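Structure record follows, encoded as structure tokens.
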Amino acid sequence: MSHELKKRFLCPYIPYRGQITLDTLTFDANLQEFAQRSGLIAALHSTGKLSSEEAFASISSLWWELADAYLPLAHSRPTDA
């Protein structure tokens, strides 16, 4: 199996289909990274490679990274009147 094929299998990328702005594309990239990494953590937990506590701590950390990445985007959005 080629390296590129392995990469596409392990780290699939789904193109964004919503309204295209810099903010939405940035958040989509961050969200896809969160999903890919949390899925890997879940797989490691399921196979006994990570304890429940380690898996929870890792996913919690990823969640806060995603939240921190979203905050500047949320503040830059215009509010509806």
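Note on naming: chains are A, B, ... as they come in the structure tokens, residues start from 1 per chain, ligands start from 1 in the order shown.
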
Inset, instruction - Apply DSSP to the backbone of this structure and, from chain A, keep only the residues in alpha helix (DSSP H); write these as an MDAnalysis selection string. - result: chainID A and resid 3:10 22:46 52:76

Those residues with C-alpha atoms, as a PDB file, in the first residue's frame please?
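What landed in result25.pdb:
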```pdb
ATOM      1  CA  HIS A   3       2.147   6.132   1.505  1.00  0.00           C
ATOM      2  CA  GLU A   4      -0.441   8.423  -0.107  1.00  0.00           C
ATOM      3  CA  LEU A   5      -3.123   5.726   0.058  1.00  0.00           C
ATOM      4  CA  LYS A   6      -2.342   5.078   3.726  1.00  0.00           C
ATOM      5  CA  LYS A   7      -2.524   8.806   4.450  1.00  0.00           C
ATOM      6  CA  ARG A   8      -5.922   9.130   2.737  1.00  0.00           C
ATOM      7  CA  PHE A   9      -7.200   6.110   4.688  1.00  0.00           C
ATOM      8  CA  LEU A  10      -5.901   7.244   8.091  1.00  0.00           C
ATOM      9  CA  LEU A  22     -11.872  32.395   5.639  1.00  0.00           C
ATOM     10  CA  ASP A  23     -13.517  31.875   9.042  1.00  0.00           C
ATOM     11  CA  THR A  24     -15.632  28.896   7.988  1.00  0.00           C
ATOM     12  CA  LEU A  25     -12.735  27.204   6.198  1.00  0.00           C
ATOM     13  CA  THR A  26     -10.456  27.754   9.184  1.00  0.00           C
ATOM     14  CA  PHE A  27     -13.010  26.338  11.600  1.00  0.00           C
ATOM     15  CA  ASP A  28     -13.719  23.400   9.277  1.00  0.00           C
ATOM     16  CA  ALA A  29     -10.013  22.526   9.169  1.00  0.00           C
ATOM     17  CA  ASN A  30      -9.785  22.711  12.970  1.00  0.00           C
ATOM     18  CA  LEU A  31     -12.953  20.645  13.371  1.00  0.00           C
ATOM     19  CA  GLN A  32     -11.715  17.955  10.978  1.00  0.00           C
ATOM     20  CA  GLU A  33      -8.420  17.747  12.862  1.00  0.00           C
ATOM     21  CA  PHE A  34     -10.336  17.408  16.151  1.00  0.00           C
ATOM     22  CA  ALA A  35     -12.491  14.636  14.683  1.00  0.00           C
ATOM     23  CA  GLN A  36      -9.511  12.738  13.271  1.00  0.00           C
ATOM     24  CA  ARG A  37      -7.437  12.975  16.445  1.00  0.00           C
ATOM     25  CA  SER A  38     -10.323  12.172  18.812  1.00  0.00           C
ATOM     26  CA  GLY A  39     -11.182   9.143  16.652  1.00  0.00           C
ATOM     27  CA  LEU A  40      -7.602   7.928  16.973  1.00  0.00           C
ATOM     28  CA  ILE A  41      -7.715   8.417  20.749  1.00  0.00           C
ATOM     29  CA  ALA A  42     -10.997   6.473  20.909  1.00  0.00           C
ATOM     30  CA  ALA A  43      -9.416   3.634  18.921  1.00  0.00           C
ATOM     31  CA  LEU A  44      -6.397   3.551  21.241  1.00  0.00           C
ATOM     32  CA  HIS A  45      -8.743   3.438  24.233  1.00  0.00           C
ATOM     33  CA  SER A  46     -10.836   0.655  22.689  1.00  0.00           C
ATOM     34  CA  SER A  52     -10.113   5.901  30.280  1.00  0.00           C
ATOM     35  CA  GLU A  53      -8.519   8.720  32.235  1.00  0.00           C
ATOM     36  CA  GLU A  54      -5.814   9.276  29.588  1.00  0.00           C
ATOM     37  CA  ALA A  55      -8.374   9.191  26.782  1.00  0.00           C
ATOM     38  CA  PHE A  56     -10.646  11.641  28.594  1.00  0.00           C
ATOM     39  CA  ALA A  57      -7.767  14.011  29.343  1.00  0.00           C
ATOM     40  CA  SER A  58      -6.542  13.879  25.742  1.00  0.00           C
ATOM     41  CA  ILE A  59      -9.971  14.515  24.216  1.00  0.00           C
ATOM     42  CA  SER A  60     -10.706  17.230  26.774  1.00  0.00           C
ATOM     43  CA  SER A  61      -7.455  18.955  25.817  1.00  0.00           C
ATOM     44  CA  LEU A  62      -8.325  18.681  22.125  1.00  0.00           C
ATOM     45  CA  TRP A  63     -11.781  20.109  22.846  1.00  0.00           C
ATOM     46  CA  TRP A  64     -10.323  23.176  24.566  1.00  0.00           C
ATOM     47  CA  GLU A  65      -7.887  23.665  21.680  1.00  0.00           C
ATOM     48  CA  LEU A  66     -10.859  23.628  19.297  1.00  0.00           C
ATOM     49  CA  ALA A  67     -12.795  26.050  21.519  1.00  0.00           C
ATOM     50  CA  ASP A  68      -9.791  28.397  21.704  1.00  0.00           C
ATOM     51  CA  ALA A  69      -9.459  28.290  17.916  1.00  0.00           C
ATOM     52  CA  TYR A  70     -13.175  29.074  17.510  1.00  0.00           C
ATOM     53  CA  LEU A  71     -13.344  32.082  19.854  1.00  0.00           C
ATOM     54  CA  PRO A  72     -11.604  34.579  17.545  1.00  0.00           C
ATOM     55  CA  LEU A  73     -13.815  33.400  14.687  1.00  0.00           C
ATOM     56  CA  ALA A  74     -16.974  33.765  16.741  1.00  0.00           C
ATOM     57  CA  HIS A  75     -16.067  37.321  17.763  1.00  0.00           C
ATOM     58  CA  SER A  76     -15.361  38.368  14.190  1.00  0.00           C
TER      59      SER A  76
END
```
